[in-house]
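J.: Before I ask anything, let me first share the structure, which is written out below as structure tokens.
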Amino acid sequence: MSDINNFKDLKIWQTGMYIAEKCYFLTKIFPKDELYGMVQQIRRAAVSIPANIAEGYGRRSTAEYIRFLNIAQGSINELETHIILSSRVGLSKPTDIEFIISLLTQESRMIIALIKKLKK
């Protein structure tokens with residue numbers, strides 16, 4: 001088993017960064033008039049996932065860490081909603097979002113498992 005020296009060693013942070021990267025690529029194809037609408041919402045929610053994981057990792061208590069993991073979980077739900085809506089209104093195709101949604105499901109499961117472990 002590998003050692004965790006900082007937040008960048010966490011699989012949940014790495015996956016969160018990958019999700020954010022994929023969301024940036026997805027939104028590059030959106031129309032320019034969505035730059036301050038859906039593009040901004042998707043990118044902000046996507047970045048919030050690894051950012052809150054990193055911030056929580058650096059906190060002084062387990063309770064604070066769990067609180068930030070819960071915020072990251074909320075960002076997952078928000079991001080999934082924005083991505084689904086982007087497909088429903090024709091900004092992206094269902095095939096464009098399937099992979100991101102599968103990553104979000106995986107990330108959510110990892111966060112829930114980590115929260116359970118930290119509560120023990």
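All residue names refer to the structure tokens as shown: chains lettered A, B, ... in order, residues numbered from 1 in each chain, ligands numbered from 1 in order.
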Which range 6-59 of chain A residues have any atom within 8 Å of an atom of range 92-116 of chain A, and for each, what is the nearest pair of atoms with distance in Å to one decimal, counting only C-alpha atoms, rows sorted by chain and number, as JSON lines?

T.:
{"residue": "A:Ile12", "atom": "CA", "partner": "A:Glu107", "partner_atom": "CA", "distance": 6.3}
{"residue": "A:Thr15", "atom": "CA", "partner": "A:Glu107", "partner_atom": "CA", "distance": 6.7}
{"residue": "A:Gly16", "atom": "CA", "partner": "A:Glu107", "partner_atom": "CA", "distance": 7.1}
{"residue": "A:Ile19", "atom": "CA", "partner": "A:Ile100", "partner_atom": "CA", "distance": 6.5}
{"residue": "A:Lys22", "atom": "CA", "partner": "A:Ile100", "partner_atom": "CA", "distance": 7.0}
{"residue": "A:Cys23", "atom": "CA", "partner": "A:Ile100", "partner_atom": "CA", "distance": 7.6}
{"residue": "A:Leu26", "atom": "CA", "partner": "A:Asp96", "partner_atom": "CA", "distance": 7.3}
{"residue": "A:Phe30", "atom": "CA", "partner": "A:Ser92", "partner_atom": "CA", "distance": 7.5}

J.: Can you list, as a PyMOL selection string, all residues belonging to range 4-67 of chain A that DSSP tags as helix (DSSP H, G or I)?

T.: chain A and resi 7-9+11-27+32-34+38-57+62-67

J.: When you look at Ile66 in chain A with a cut-off of 12 Å (counting only C-alpha atoms), what residues show up, excluding the ones that are within fewer than 4 positions of it in the same chain? I need them as a ChimeraX atom specification.

T.: /A:52-62,70-73,111-120

J.: May I have the selected residues written with N, CA and C atoms, as a CSV table (one decimal), in the first residue's frame?

T.:
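New file selection_37.csv:
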chain,number,residue,atom,x,y,z
A,52,ASN,N,-12.0,21.2,-2.6
A,52,ASN,CA,-12.5,20.9,-1.3
A,52,ASN,C,-11.8,19.7,-0.7
A,53,ILE,N,-11.5,18.7,-1.5
A,53,ILE,CA,-10.7,17.5,-1.0
A,53,ILE,C,-9.4,18.0,-0.4
A,54,ALA,N,-8.7,18.8,-1.2
A,54,ALA,CA,-7.4,19.3,-0.8
A,54,ALA,C,-7.5,20.2,0.4
A,55,GLU,N,-8.5,21.1,0.5
A,55,GLU,CA,-8.6,22.0,1.6
A,55,GLU,C,-9.0,21.2,2.9
A,56,GLY,N,-9.8,20.2,2.8
A,56,GLY,CA,-10.2,19.4,3.9
A,56,GLY,C,-9.0,18.6,4.4
A,57,TYR,N,-8.2,18.1,3.5
A,57,TYR,CA,-7.0,17.3,3.9
A,57,TYR,C,-6.1,18.2,4.8
A,58,GLY,N,-6.0,19.5,4.5
A,58,GLY,CA,-5.1,20.3,5.2
A,58,GLY,C,-5.7,20.9,6.5
A,59,ARG,N,-6.9,20.5,6.9
A,59,ARG,CA,-7.5,21.0,8.1
A,59,ARG,C,-7.0,20.3,9.3
A,60,ARG,N,-7.2,20.9,10.5
A,60,ARG,CA,-6.6,20.4,11.7
A,60,ARG,C,-7.4,19.2,12.3
A,61,SER,N,-8.6,19.0,12.0
A,61,SER,CA,-9.4,18.0,12.6
A,61,SER,C,-10.1,17.1,11.6
A,62,THR,N,-10.4,15.9,12.0
A,62,THR,CA,-11.1,14.9,11.2
A,62,THR,C,-12.5,15.5,10.9
A,70,ASN,N,-17.9,16.4,2.5
A,70,ASN,CA,-19.3,16.6,2.2
A,70,ASN,C,-19.6,17.7,1.2
A,71,ILE,N,-18.8,18.8,1.3
A,71,ILE,CA,-19.0,19.8,0.3
A,71,ILE,C,-18.6,19.3,-1.1
A,72,ALA,N,-17.5,18.6,-1.1
A,72,ALA,CA,-17.1,18.0,-2.4
A,72,ALA,C,-18.2,17.1,-3.0
A,73,GLN,N,-18.8,16.3,-2.1
A,73,GLN,CA,-19.9,15.5,-2.5
A,73,GLN,C,-21.1,16.3,-3.1
A,111,ILE,N,-15.6,9.0,-2.0
A,111,ILE,CA,-15.8,10.0,-1.0
A,111,ILE,C,-16.6,9.5,0.2
A,112,ILE,N,-17.7,8.8,-0.2
A,112,ILE,CA,-18.6,8.2,0.9
A,112,ILE,C,-17.8,7.2,1.7
A,113,ALA,N,-17.0,6.4,1.0
A,113,ALA,CA,-16.2,5.3,1.7
A,113,ALA,C,-15.2,6.0,2.6
A,114,LEU,N,-14.5,7.1,2.2
A,114,LEU,CA,-13.6,7.8,3.0
A,114,LEU,C,-14.2,8.4,4.2
A,115,ILE,N,-15.4,9.0,4.0
A,115,ILE,CA,-16.1,9.6,5.1
A,115,ILE,C,-16.4,8.5,6.2
A,116,LYS,N,-16.9,7.4,5.7
A,116,LYS,CA,-17.2,6.3,6.7
A,116,LYS,C,-16.0,5.8,7.4
A,117,LYS,N,-14.9,5.7,6.7
A,117,LYS,CA,-13.6,5.3,7.4
A,117,LYS,C,-13.2,6.3,8.4
A,118,LEU,N,-13.3,7.6,8.0
A,118,LEU,CA,-12.9,8.7,9.0
A,118,LEU,C,-13.8,8.8,10.2
A,119,LYS,N,-15.0,8.4,10.1
A,119,LYS,CA,-15.9,8.4,11.2
A,119,LYS,C,-15.7,7.3,12.2
A,120,LYS,N,-15.0,6.3,11.8
A,120,LYS,CA,-14.7,5.2,12.7
A,120,LYS,C,-13.7,5.5,13.8

J.: Here is a test: counting only C-alpha atoms, which residue of A:Glu21, A:Met38, A:Phe7, A:Gln14 is nearest to Val89 in chain A?

T.: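 Using only C-alpha atoms, Val89 in chain A sits closest to A:Met38.
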